[in-house]
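Content type mmCIF, C-alpha atoms, from the file upload_33.cif:
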```cif
data_structure
#
loop_
_atom_site.label_atom_id
_atom_site.label_comp_id
_atom_site.auth_asym_id
_atom_site.auth_seq_id
_atom_site.Cartn_x
_atom_site.Cartn_y
_atom_site.Cartn_z
CA MET D 1 -83.37 69.39 -79.93
CA HIS D 2 -79.91 68.41 -78.67
CA THR D 3 -76.56 70.00 -79.26
CA ASP D 4 -74.85 68.96 -82.50
CA PRO D 5 -72.57 66.08 -81.38
CA ASP D 6 -69.65 67.55 -83.33
CA LEU D 7 -69.89 70.65 -81.16
CA LEU D 8 -69.72 68.56 -78.02
CA SER D 9 -66.38 67.18 -79.19
CA LEU D 10 -65.08 70.68 -79.76
CA ALA D 11 -66.33 71.70 -76.33
CA ALA D 12 -64.57 68.67 -74.83
CA LEU D 13 -61.35 69.97 -76.39
CA GLY D 14 -61.92 73.33 -74.74
CA GLU D 15 -63.39 75.37 -77.57
CA PRO D 16 -66.07 77.78 -76.30
CA LEU D 17 -69.71 77.12 -77.14
CA GLU D 18 -72.21 79.59 -78.57
CA PRO D 19 -74.54 81.01 -75.89
CA ASP D 20 -77.53 78.97 -77.20
CA ASP D 21 -75.60 75.70 -77.10
CA HIS D 22 -74.24 76.53 -73.69
CA ALA D 23 -77.75 77.25 -72.41
CA HIS D 24 -78.96 73.90 -73.76
CA LEU D 25 -76.20 72.05 -71.91
CA VAL D 26 -77.18 73.63 -68.62
CA GLY D 27 -80.62 72.08 -68.93
CA CYS D 28 -79.80 68.76 -70.64
CA ALA D 29 -78.38 65.88 -68.63
CA GLU D 30 -77.97 63.67 -71.68
CA CYS D 31 -75.74 66.16 -73.46
CA ARG D 32 -73.80 66.84 -70.29
CA ASP D 33 -73.13 63.10 -69.95
CA GLN D 34 -71.97 62.95 -73.54
CA LEU D 35 -69.68 65.89 -72.92
CA ALA D 36 -68.25 64.37 -69.76
CA GLY D 37 -67.46 61.14 -71.61
CA LEU D 38 -65.72 63.03 -74.38
CA GLN D 39 -63.81 65.17 -71.88
CA ARG D 40 -62.47 62.03 -70.24
CA VAL D 41 -61.26 60.77 -73.61
CA VAL D 42 -59.61 64.12 -74.32
CA GLU D 43 -57.90 64.05 -70.93
CA LEU D 44 -56.59 60.53 -71.54
CA GLY D 45 -55.65 61.43 -75.09
CA ARG D 46 -53.58 64.35 -73.86
CA GLU D 47 -51.82 62.11 -71.38
CA ALA D 48 -51.31 59.42 -74.02
CA GLY D 49 -48.25 61.32 -75.18
CA LEU D 50 -46.58 60.10 -72.03
CA GLU D 51 -47.66 56.53 -72.56
CA ARG D 52 -46.04 53.80 -74.56
CA LEU D 53 -47.43 50.57 -75.83
CA GLN D 54 -44.68 47.99 -75.61
CA GLU D 55 -44.63 45.21 -78.13
CA PRO D 56 -43.87 41.77 -76.80
CA PRO D 57 -40.64 40.28 -78.10
CA ALA D 58 -40.86 38.43 -81.40
CA HIS D 59 -40.04 35.04 -79.86
CA LEU D 60 -43.22 35.15 -77.75
CA TRP D 61 -45.36 34.48 -80.79
CA ASP D 62 -43.16 31.51 -81.64
CA ARG D 63 -43.67 30.16 -78.13
CA ILE D 64 -47.42 30.54 -78.35
CA ARG D 65 -47.59 29.05 -81.80
CA ASP D 66 -45.44 26.09 -80.75
CA GLU D 67 -47.39 25.54 -77.55
CA LEU D 68 -50.68 25.43 -79.44
CA GLY D 69 -49.22 23.39 -82.29
CA LEU D 70 -50.38 25.88 -84.89
CA SER D 71 -49.03 26.22 -88.36
CA VAL D 72 -49.51 29.74 -89.60
CA ALA D 73 -48.86 30.95 -93.13
CA PRO D 74 -45.56 32.88 -93.48
CA GLU D 75 -47.17 36.27 -93.97
CA ARG D 76 -48.91 36.18 -90.56
CA GLY D 77 -47.53 36.41 -87.07
CA ALA D 78 -44.49 38.06 -85.57
CA ASP D 79 -42.07 35.52 -87.01
CA ALA D 80 -43.04 36.61 -90.52
CA PHE D 81 -41.42 40.02 -90.37
CA PRO D 82 -38.48 40.41 -92.69
CA PRO D 83 -35.03 40.07 -91.11
CA PRO D 84 -33.07 43.21 -90.24
CA PRO D 85 -31.37 45.06 -93.11
CA ALA D 86 -28.33 43.36 -94.62
CA PRO D 87 -24.98 45.04 -93.85
CA ALA D 88 -24.54 45.81 -97.55
CA SER D 89 -27.51 48.18 -97.49
CA ALA D 90 -26.30 51.75 -98.06
CA THR D 91 -28.38 53.39 -95.42
CA GLY D 92 -29.56 50.49 -93.31
CA ARG D 93 -33.09 51.71 -94.00
CA THR D 94 -36.05 49.42 -93.78
CA ASP D 95 -39.33 50.06 -95.53
CA GLY D 96 -42.55 50.70 -93.65
CA SER D 97 -43.49 47.06 -93.22
CA ASP D 98 -40.28 45.96 -91.56
CA ARG D 99 -40.01 45.19 -87.93
CA ALA D 100 -37.39 43.06 -86.29
CA GLY D 101 -37.02 41.78 -82.77
CA PHE D 102 -33.83 40.47 -81.32
CA ASP D 103 -32.03 39.93 -78.04
CA LEU D 104 -28.78 41.28 -76.69
CA GLY D 105 -26.56 38.99 -74.67
CA ALA D 106 -24.60 39.65 -71.50
CA VAL D 107 -21.13 41.11 -71.83
CA ASP D 108 -20.13 39.43 -68.60
CA PRO D 109 -21.25 35.81 -69.07
CA THR D 110 -21.77 35.34 -65.34
CA SER D 111 -24.20 38.24 -65.10
CA ARG D 112 -27.21 36.70 -66.92
CA ALA D 113 -28.16 40.12 -68.24
CA THR D 114 -30.20 40.24 -71.45
CA ALA D 115 -32.18 42.78 -73.38
CA SER D 116 -34.95 42.42 -75.89
CA VAL D 117 -34.92 44.93 -78.69
CA THR D 118 -37.40 45.89 -81.35
CA LEU D 119 -36.41 47.88 -84.39
CA SER D 120 -39.27 49.31 -86.41
CA VAL D 121 -40.18 52.07 -88.79
CA ASP D 122 -42.99 54.51 -88.03
CA GLY D 123 -45.43 56.08 -90.43
CA HIS D 124 -43.01 58.92 -91.12
CA GLY D 125 -40.21 56.56 -92.05
CA ARG D 126 -38.38 57.17 -88.82
CA ARG D 127 -36.45 54.24 -87.38
CA ILE D 128 -37.50 53.51 -83.81
CA LEU D 129 -35.50 51.34 -81.49
CA GLN D 130 -37.18 50.03 -78.37
CA LEU D 131 -35.35 48.18 -75.67
CA ALA D 132 -36.20 46.34 -72.47
CA LEU D 133 -33.34 45.26 -70.24
CA GLU D 134 -33.31 42.44 -67.75
CA ALA D 135 -30.34 42.55 -65.44
CA ASP D 136 -30.12 40.87 -62.05
CA GLY D 137 -27.53 43.13 -60.50
CA PRO D 138 -28.24 46.49 -58.87
CA GLN D 139 -28.44 49.63 -60.95
CA HIS D 140 -25.51 51.72 -59.76
CA GLY D 141 -26.14 54.63 -62.01
CA LEU D 142 -27.58 55.84 -65.25
CA ARG D 143 -27.82 53.46 -68.16
CA HIS D 144 -27.18 54.41 -71.74
CA ALA D 145 -27.60 52.78 -75.12
CA TRP D 146 -24.95 53.08 -77.80
CA LEU D 147 -24.53 52.24 -81.44
CA VAL D 148 -21.01 51.07 -82.14
CA ARG D 149 -19.19 50.62 -85.43
CA HIS D 150 -18.84 46.92 -86.10
CA ASP D 151 -15.47 47.51 -87.76
CA ASP D 152 -14.09 49.84 -85.05
CA PRO D 153 -15.37 49.43 -81.49
CA SER D 154 -13.75 52.68 -80.42
CA ARG D 155 -16.30 54.59 -82.50
CA ARG D 156 -19.64 54.90 -80.80
CA GLU D 157 -22.67 57.15 -80.91
CA LEU D 158 -24.97 57.69 -77.97
CA LEU D 159 -28.58 56.66 -78.66
CA GLY D 160 -29.67 57.92 -75.27
CA MET D 161 -30.56 57.26 -71.70
CA LEU D 162 -32.68 54.44 -70.35
CA ASP D 163 -35.39 54.83 -67.76
CA GLY D 164 -34.52 51.89 -65.54
CA PRO D 165 -34.91 48.90 -67.85
CA PHE D 166 -36.64 50.71 -70.71
CA GLY D 167 -35.68 52.92 -73.59
CA VAL D 168 -37.21 54.11 -76.86
CA TRP D 169 -35.21 56.15 -79.37
CA THR D 170 -35.31 57.37 -82.89
CA ILE D 171 -32.21 56.87 -84.99
CA ASP D 172 -30.89 59.75 -87.03
CA GLN D 173 -31.52 59.08 -90.69
CA SER D 174 -27.89 59.67 -91.57
CA LEU D 175 -26.74 56.71 -89.47
CA ASP D 176 -26.10 53.60 -91.52
CA LEU D 177 -27.16 50.67 -89.36
CA GLY D 178 -25.15 48.42 -91.61
CA LEU D 179 -21.98 50.10 -90.31
CA TRP D 180 -23.21 51.10 -86.86
CA SER D 181 -24.66 47.69 -86.25
CA VAL D 182 -23.54 46.89 -82.71
CA LEU D 183 -26.00 47.91 -80.01
CA GLU D 184 -24.75 48.11 -76.46
CA VAL D 185 -26.25 49.10 -73.12
CA SER D 186 -23.91 50.45 -70.46
CA GLN D 187 -24.38 51.29 -66.82
CA ARG D 188 -22.51 53.82 -64.72
CA ALA D 189 -20.05 51.85 -62.61
CA GLU D 190 -20.13 51.61 -58.83
CA ASP D 191 -17.32 54.11 -58.50
CA GLY D 192 -19.52 56.55 -60.42
CA VAL D 193 -16.76 57.25 -62.89
CA GLY D 194 -16.70 54.77 -65.74
CA ASP D 195 -19.38 53.01 -67.71
CA GLU D 196 -19.52 49.25 -67.85
CA ALA D 197 -21.17 47.41 -70.70
CA LEU D 198 -24.07 45.22 -69.61
CA VAL D 199 -25.38 43.76 -72.84
CA ARG D 200 -24.36 43.83 -76.46
CA GLY D 201 -25.54 42.47 -79.77
CA ASP D 202 -24.98 42.92 -83.47
CA LEU D 203 -28.03 43.78 -85.55
CA ALA D 204 -26.40 42.33 -88.63
CA ALA D 205 -25.81 38.97 -86.98
CA ILE D 206 -29.49 38.36 -86.31
CA SER D 207 -31.44 36.19 -88.73
CA MET M 1 -62.50 57.32 -91.83
CA VAL M 2 -63.67 54.05 -90.34
CA SER M 3 -60.91 51.63 -89.54
CA THR M 4 -60.45 48.96 -92.13
CA HIS M 5 -58.15 46.83 -90.05
CA ASP M 6 -58.85 43.17 -90.67
CA GLU M 7 -58.78 42.12 -87.06
CA ASP M 8 -61.89 44.18 -86.24
CA ASP M 9 -63.77 42.49 -89.05
CA PRO M 10 -66.52 40.16 -87.76
CA ALA M 11 -65.42 37.63 -90.36
CA VAL M 12 -61.97 37.46 -88.74
CA VAL M 13 -63.53 36.94 -85.33
CA ALA M 14 -65.79 34.23 -86.71
CA ALA M 15 -62.82 32.56 -88.39
CA PHE M 16 -60.86 32.67 -85.14
CA VAL M 17 -63.76 31.09 -83.24
CA ALA M 18 -63.89 28.39 -85.90
CA GLY M 19 -60.20 27.63 -85.34
CA ASP M 20 -58.47 29.57 -88.12
CA ALA M 21 -54.84 30.06 -87.08
CA ASP M 22 -54.30 33.00 -89.44
CA ALA M 23 -57.21 34.88 -87.88
CA PHE M 24 -55.73 34.16 -84.46
CA ALA M 25 -52.39 35.51 -85.63
CA ARG M 26 -54.02 38.74 -86.75
CA ILE M 27 -55.77 39.09 -83.43
CA TYR M 28 -52.45 38.49 -81.65
CA GLU M 29 -50.74 41.08 -83.82
CA ARG M 30 -53.41 43.67 -83.10
CA TRP M 31 -53.94 43.16 -79.39
CA SER M 32 -50.77 41.63 -77.95
CA PRO M 33 -49.12 45.04 -77.39
CA LEU M 34 -52.08 46.14 -75.26
CA VAL M 35 -52.15 42.87 -73.28
CA TYR M 36 -48.37 42.89 -72.87
CA SER M 37 -48.30 46.56 -71.85
CA LEU M 38 -51.02 46.01 -69.25
CA ALA M 39 -49.09 43.09 -67.79
CA LEU M 40 -45.79 44.95 -67.93
CA ARG M 41 -47.26 48.01 -66.25
CA SER M 42 -48.73 45.88 -63.50
CA LEU M 43 -45.88 43.44 -62.90
CA LYS M 44 -42.89 45.58 -63.95
CA GLN M 45 -41.04 42.46 -65.02
CA ILE M 46 -40.49 41.45 -68.62
CA ARG M 47 -40.48 37.68 -68.17
CA ALA M 48 -43.60 37.76 -66.03
CA ALA M 49 -45.35 40.01 -68.53
CA GLU M 50 -44.38 37.63 -71.32
CA ASP M 51 -45.78 34.71 -69.33
CA VAL M 52 -49.06 36.54 -68.74
CA THR M 53 -49.31 37.47 -72.42
CA GLU M 54 -48.60 33.89 -73.45
CA HIS M 55 -51.19 32.61 -71.00
CA VAL M 56 -53.85 35.07 -72.15
CA PHE M 57 -53.50 34.14 -75.81
CA THR M 58 -53.21 30.40 -75.30
CA THR M 59 -56.29 30.58 -73.06
CA ALA M 60 -58.09 32.62 -75.70
CA TRP M 61 -57.29 29.96 -78.28
CA ASP M 62 -58.35 27.14 -75.95
CA ARG M 63 -61.65 28.83 -75.17
CA ARG M 64 -62.47 30.02 -78.64
CA ALA M 65 -65.18 27.44 -79.30
CA SER M 66 -67.16 28.56 -76.27
CA ILE M 67 -67.46 32.08 -77.66
CA ASP M 68 -70.44 33.51 -79.51
CA PRO M 69 -68.83 35.51 -82.34
CA ASP M 70 -71.78 37.89 -82.48
CA GLN M 71 -71.36 38.72 -78.82
CA LEU M 72 -67.59 38.79 -78.62
CA VAL M 73 -65.67 42.00 -78.53
CA VAL M 74 -62.17 40.59 -78.81
CA SER M 75 -60.32 43.39 -77.07
CA ALA M 76 -62.66 43.49 -74.10
CA TRP M 77 -62.44 39.72 -73.73
CA LEU M 78 -58.64 39.72 -73.90
CA ILE M 79 -58.46 42.51 -71.33
CA ARG M 80 -60.74 40.54 -69.03
CA LEU M 81 -58.51 37.48 -69.42
CA THR M 82 -55.49 39.66 -68.64
CA HIS M 83 -57.18 41.10 -65.58
CA ASP M 84 -58.10 37.62 -64.35
CA GLU M 85 -54.58 36.32 -64.88
CA LEU M 86 -53.03 39.30 -63.07
CA ALA M 87 -55.52 38.97 -60.21
CA GLY M 88 -54.77 35.26 -59.97
CA ARG M 89 -51.05 35.92 -59.71
CA ALA M 90 -51.58 38.62 -57.09
CA ASP M 91 -53.71 36.27 -55.00
CA ALA M 92 -51.22 33.45 -55.29
CA ALA M 93 -48.35 35.67 -54.18
CA GLY M 94 -50.31 37.29 -51.36
CA GLY M 95 -50.57 40.54 -53.25
CA ALA M 96 -46.81 41.00 -53.34
CA VAL M 97 -46.46 40.52 -57.09
CA THR M 98 -47.95 43.74 -58.38
CA THR M 99 -46.69 47.16 -57.56
CA ALA M 100 -50.22 48.45 -57.17
CA PRO M 101 -51.93 48.14 -53.78
CA GLY M 102 -54.49 45.38 -53.35
CA GLY M 103 -58.18 45.79 -52.73
CA PRO M 104 -60.32 48.65 -54.08
CA ALA M 105 -57.34 50.99 -54.46
CA GLY M 106 -55.56 48.35 -56.51
CA GLU M 107 -58.63 47.82 -58.67
CA ALA M 108 -58.90 51.56 -59.28
CA ALA M 109 -55.21 51.77 -60.19
CA GLU M 110 -55.58 48.90 -62.64
CA GLN M 111 -58.68 50.49 -64.13
CA ASP M 112 -56.74 53.70 -64.62
CA ILE M 113 -53.95 51.84 -66.42
CA ILE M 114 -56.44 50.08 -68.69
CA GLU M 115 -58.07 53.41 -69.57
CA ARG M 116 -54.78 55.07 -70.37
CA LEU M 117 -53.45 52.22 -72.48
CA SER M 118 -56.81 51.78 -74.20
CA VAL M 119 -56.75 55.36 -75.45
CA THR M 120 -53.05 55.11 -76.34
CA ASP M 121 -53.81 51.96 -78.32
CA GLY M 122 -56.83 53.60 -79.95
CA LEU M 123 -54.80 56.63 -81.01
CA THR M 124 -52.11 54.44 -82.53
CA HIS M 125 -54.70 52.66 -84.64
CA LEU M 126 -56.54 55.66 -86.01
CA ASP M 127 -55.86 56.23 -89.67
CA ALA M 128 -52.88 58.57 -89.99
CA PRO M 129 -54.69 61.65 -91.39
CA ASP M 130 -57.38 61.43 -88.68
CA ARG M 131 -54.78 60.97 -86.00
CA ARG M 132 -52.87 63.98 -87.23
CA VAL M 133 -55.96 66.19 -87.05
CA LEU M 134 -56.78 64.95 -83.56
CA GLN M 135 -53.21 65.36 -82.31
CA LEU M 136 -53.20 68.98 -83.51
CA ALA M 137 -56.21 69.52 -81.26
CA LEU M 138 -55.03 67.40 -78.34
CA VAL M 139 -51.34 68.20 -78.18
CA ASP M 140 -50.95 71.52 -79.97
CA HIS M 141 -54.28 72.78 -78.65
CA LEU M 142 -55.26 74.21 -82.02
CA SER M 143 -58.88 75.17 -82.61
CA HIS M 144 -60.69 73.41 -85.43
CA ASP M 145 -60.44 76.58 -87.53
CA GLU M 146 -56.69 76.68 -86.99
CA ILE M 147 -56.44 73.01 -87.89
CA ALA M 148 -58.48 73.66 -91.05
CA GLU M 149 -55.99 76.34 -92.06
CA ARG M 150 -53.03 74.13 -91.27
CA THR M 151 -54.32 71.08 -93.14
CA ASN M 152 -56.22 72.78 -95.97
CA LEU M 153 -59.37 70.90 -94.99
CA PRO M 154 -62.77 72.59 -94.66
CA PRO M 155 -63.57 73.44 -91.02
CA LEU M 156 -66.69 71.26 -91.10
CA ALA M 157 -64.62 68.29 -92.27
CA VAL M 158 -62.14 68.91 -89.42
CA ARG M 159 -65.00 69.04 -86.92
CA ALA M 160 -66.42 65.78 -88.26
CA LYS M 161 -63.05 64.02 -88.20
CA ILE M 162 -62.35 65.12 -84.66
CA HIS M 163 -65.75 63.98 -83.50
CA GLN M 164 -65.50 60.63 -85.27
CA SER M 165 -62.03 59.97 -83.83
CA LEU M 166 -63.05 60.90 -80.29
CA MET M 167 -66.13 58.72 -80.57
CA THR M 168 -64.02 55.79 -81.81
CA LEU M 169 -61.71 56.21 -78.83
CA ARG M 170 -64.64 56.62 -76.47
CA ASP M 171 -66.42 53.52 -77.77
CA GLN M 172 -63.28 51.42 -77.45
CA LEU M 173 -62.70 52.80 -73.96
CA GLU M 174 -66.24 51.99 -72.85
CA VAL M 175 -66.11 48.49 -74.26
CA GLN M 176 -62.71 47.71 -72.79
CA THR M 177 -63.18 49.21 -69.34
CA GLY M 178 -66.66 47.76 -69.02
CA ALA M 179 -65.13 44.36 -69.51
CA HIS M 180 -64.91 43.34 -65.86
#
```

Could you show the structure in this file as structure tokens?
Amino acid sequence: MHTDPDLLSLAALGEPLEPDDHAHLVGCAECRDQLAGLQRVVELGREAGLERLQEPPAHLWDRIRDELGLSVAPERGADAFPPPPAPASATGRTDGSDRAGFDLGAVDPTSRATASVTLSVDGHGRRILQLALEADGPQHGLRHAWLVRHDDPSRRELLGMLDGPFGVWTIDQSLDLGLWSVLEVSQRAEDGVGDEALVRGDLAAIS
Amino acid sequence: MVSTHDEDDPAVVAAFVAGDADAFARIYERWSPLVYSLALRSLKQIRAAEDVTEHVFTTAWDRRASIDPDQLVVSAWLIRLTHDELAGRADAAGGAVTTAPGGPAGEAAEQDIIERLSVTDGLTHLDAPDRRVLQLALVDHLSHDEIAERTNLPPLAVRAKIHQSLMTLRDQLEVQTGAH
């Protein structure tokens, strides 16, 4: 009789086996194979914390749908997600079904820099902002993302640092995205002293 | 708890094969992040990854009628299409497109990426309570007894949930990495 499969999962996680079960494993290739398979999943699962699945930008679905000439009912497909929260919203919160994708444009019109951004809400109600930057020029120094007050550009809060072109951040629940609606990505300047803005966009302006 | 996501439902697959655009949209919604992430990881360029993703899904739509819905595992098929598209681009560019080395080392690197993203994707799509139990074991390294205490579930139920979740991840991994 083989080891209880549940116990193999626990063993794969590193919990010790009873002596009888351990003895069975020594002699049973089938159970050892099972265990090895589960151990691989555990290993990958532990490393999955370092991984991210990136969602493609919302406009990609539109491209595919247009290319194939499909008409899809409004409640399906990436274009069906509700628009970002209106500026009048007190907290800028979205409910669990909301996701919005939008693009940031270049601050310097000759630079052709853009960024695609996804704003979503996770299962805990946390707002997650995910950004992918495309900029032709060299990266002189660290890049940062900022939320800026739409009514006072001198007021800005740091979302965080990018890793090259990518960044994923949670937004503090006290921050009203209706007020702090301008998203900007900056890059440390060549002289290493100042930051220059690469791309910018207003969440509230997207429809 | 078994996943109740529509896009895994054989009826959705059958509808897609029959040309139902809504079913296709659901499949896109479920699997485009995995396809896109694979392409992005391999090509490290957003536009190129978008192009690959677009190509994979338009190809999938174009080829839908040639599929046997009883045989088709959508995710494995999409991953194979992604692999083929990436390989095609690498060949066309003399191997300079991807950041992974060509040949067997490149294949192994791509396989590794698929495995990692497959499990990441699988974890994301576990039902939240099951995922929580598993993450307590994976990340916090709690024993099943400790998890039982933490979650107020019976230890046997915790054991069963952990096993079911790992098996779900393992099955998806096997299906997706066996794809090519």

For this session: Specify as a ChimeraX atom specification all residues of chain D found within 10 Å of chain M, counting all atoms listed in the file.
Result: /D:5-10,12-16,37-57,59-61,63-65,67-78,115-116,123-124,132-134,165

Print the selection's residues with C-alpha atoms to a file, as a short mmCIF file (atom, residue, chain, number, x, y, z; two decimals), in the coordinates of the input.
```cif
data_model
loop_
_atom_site.label_atom_id
_atom_site.label_comp_id
_atom_site.auth_asym_id
_atom_site.auth_seq_id
_atom_site.Cartn_x
_atom_site.Cartn_y
_atom_site.Cartn_z
CA PRO D 5 -72.57 66.08 -81.38
CA ASP D 6 -69.65 67.55 -83.33
CA LEU D 7 -69.89 70.65 -81.16
CA LEU D 8 -69.72 68.56 -78.02
CA SER D 9 -66.38 67.18 -79.19
CA LEU D 10 -65.08 70.68 -79.76
CA ALA D 12 -64.57 68.67 -74.83
CA LEU D 13 -61.35 69.97 -76.39
CA GLY D 14 -61.92 73.33 -74.74
CA GLU D 15 -63.39 75.37 -77.57
CA PRO D 16 -66.07 77.78 -76.30
CA GLY D 37 -67.46 61.14 -71.61
CA LEU D 38 -65.72 63.03 -74.38
CA GLN D 39 -63.81 65.17 -71.88
CA ARG D 40 -62.47 62.03 -70.24
CA VAL D 41 -61.26 60.77 -73.61
CA VAL D 42 -59.61 64.12 -74.32
CA GLU D 43 -57.90 64.05 -70.93
CA LEU D 44 -56.59 60.53 -71.54
CA GLY D 45 -55.65 61.43 -75.09
CA ARG D 46 -53.58 64.35 -73.86
CA GLU D 47 -51.82 62.11 -71.38
CA ALA D 48 -51.31 59.42 -74.02
CA GLY D 49 -48.25 61.32 -75.18
CA LEU D 50 -46.58 60.10 -72.03
CA GLU D 51 -47.66 56.53 -72.56
CA ARG D 52 -46.04 53.80 -74.56
CA LEU D 53 -47.43 50.57 -75.83
CA GLN D 54 -44.68 47.99 -75.61
CA GLU D 55 -44.63 45.21 -78.13
CA PRO D 56 -43.87 41.77 -76.80
CA PRO D 57 -40.64 40.28 -78.10
CA HIS D 59 -40.04 35.04 -79.86
CA LEU D 60 -43.22 35.15 -77.75
CA TRP D 61 -45.36 34.48 -80.79
CA ARG D 63 -43.67 30.16 -78.13
CA ILE D 64 -47.42 30.54 -78.35
CA ARG D 65 -47.59 29.05 -81.80
CA GLU D 67 -47.39 25.54 -77.55
CA LEU D 68 -50.68 25.43 -79.44
CA GLY D 69 -49.22 23.39 -82.29
CA LEU D 70 -50.38 25.88 -84.89
CA SER D 71 -49.03 26.22 -88.36
CA VAL D 72 -49.51 29.74 -89.60
CA ALA D 73 -48.86 30.95 -93.13
CA PRO D 74 -45.56 32.88 -93.48
CA GLU D 75 -47.17 36.27 -93.97
CA ARG D 76 -48.91 36.18 -90.56
CA GLY D 77 -47.53 36.41 -87.07
CA ALA D 78 -44.49 38.06 -85.57
CA ALA D 115 -32.18 42.78 -73.38
CA SER D 116 -34.95 42.42 -75.89
CA GLY D 123 -45.43 56.08 -90.43
CA HIS D 124 -43.01 58.92 -91.12
CA ALA D 132 -36.20 46.34 -72.47
CA LEU D 133 -33.34 45.26 -70.24
CA GLU D 134 -33.31 42.44 -67.75
CA PRO D 165 -34.91 48.90 -67.85
#
```

Exercise. Quick one, how far is atom CA of Asp202 of chain D from atom CA of Arg126 of chain D?
Worked result: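 Calculated distance between atom CA of Asp202 of chain D and atom CA of Arg126 of chain D is 20.3 Å.
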
Problem set entry | Atomic separation - atom CA of Glu110 of chain M relative to atom CA of Val12 of chain M, Å | 29.2 Å

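Each of M:Ile114, M:Ala76, M:Val133, M:Ala60 was checked against Pro155 of chain M using only C-alpha atoms; the smallest atom-to-atom distance is that of M:Val133.
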
Problem set entry | Residue members of the PyMOL selection byres ((chain D and resi 144) around 12) in the file shown, as a ChimeraX atom specification | /D:131,133,139,141-143,145-147,156-169,183-189,195-200

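Computed from the coordinates, the atom CA of Ser154 of chain D to atom CA of Ser120 of chain D distance equals 26.4 Å.
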
Could I get segment 153-157 of chain M rebuilt with all heavy atoms, written as a PDB file, keeping the file's coordinate frame?
```pdb
ATOM      1  N   LEU M 153     -58.081  71.585 -94.980  1.00  0.00           N
ATOM      2  CA  LEU M 153     -59.370  70.900 -94.990  1.00  0.00           C
ATOM      3  C   LEU M 153     -60.451  71.918 -94.611  1.00  0.00           C
ATOM      4  O   LEU M 153     -60.190  72.856 -93.876  1.00  0.00           O
ATOM      5  CB  LEU M 153     -59.372  69.771 -93.953  1.00  0.00           C
ATOM      6  CG  LEU M 153     -58.505  68.560 -94.251  1.00  0.00           C
ATOM      7  CD1 LEU M 153     -58.351  67.708 -92.998  1.00  0.00           C
ATOM      8  CD2 LEU M 153     -59.104  67.716 -95.377  1.00  0.00           C
ATOM      9  N   PRO M 154     -61.680  71.709 -95.099  1.00  0.00           N
ATOM     10  CA  PRO M 154     -62.770  72.590 -94.660  1.00  0.00           C
ATOM     11  C   PRO M 154     -63.018  72.425 -93.166  1.00  0.00           C
ATOM     12  O   PRO M 154     -62.947  71.298 -92.660  1.00  0.00           O
ATOM     13  CB  PRO M 154     -63.988  72.098 -95.462  1.00  0.00           C
ATOM     14  CG  PRO M 154     -63.463  71.182 -96.517  1.00  0.00           C
ATOM     15  CD  PRO M 154     -62.138  70.680 -96.053  1.00  0.00           C
ATOM     16  N   PRO M 155     -63.341  73.531 -92.471  1.00  0.00           N
ATOM     17  CA  PRO M 155     -63.570  73.440 -91.020  1.00  0.00           C
ATOM     18  C   PRO M 155     -64.609  72.399 -90.632  1.00  0.00           C
ATOM     19  O   PRO M 155     -64.443  71.700 -89.628  1.00  0.00           O
ATOM     20  CB  PRO M 155     -64.038  74.858 -90.647  1.00  0.00           C
ATOM     21  CG  PRO M 155     -63.439  75.740 -91.693  1.00  0.00           C
ATOM     22  CD  PRO M 155     -63.388  74.920 -92.955  1.00  0.00           C
ATOM     23  N   LEU M 156     -65.667  72.250 -91.445  1.00  0.00           N
ATOM     24  CA  LEU M 156     -66.690  71.260 -91.100  1.00  0.00           C
ATOM     25  C   LEU M 156     -66.123  69.846 -91.174  1.00  0.00           C
ATOM     26  O   LEU M 156     -66.490  68.973 -90.374  1.00  0.00           O
ATOM     27  CB  LEU M 156     -67.892  71.384 -92.053  1.00  0.00           C
ATOM     28  CG  LEU M 156     -68.867  72.523 -91.726  1.00  0.00           C
ATOM     29  CD1 LEU M 156     -69.998  72.555 -92.750  1.00  0.00           C
ATOM     30  CD2 LEU M 156     -69.443  72.371 -90.329  1.00  0.00           C
ATOM     31  N   ALA M 157     -65.239  69.622 -92.138  1.00  0.00           N
ATOM     32  CA  ALA M 157     -64.620  68.290 -92.270  1.00  0.00           C
ATOM     33  C   ALA M 157     -63.717  68.024 -91.057  1.00  0.00           C
ATOM     34  O   ALA M 157     -63.666  66.899 -90.542  1.00  0.00           O
ATOM     35  CB  ALA M 157     -63.808  68.211 -93.561  1.00  0.00           C
TER      36      ALA M 157
END
```
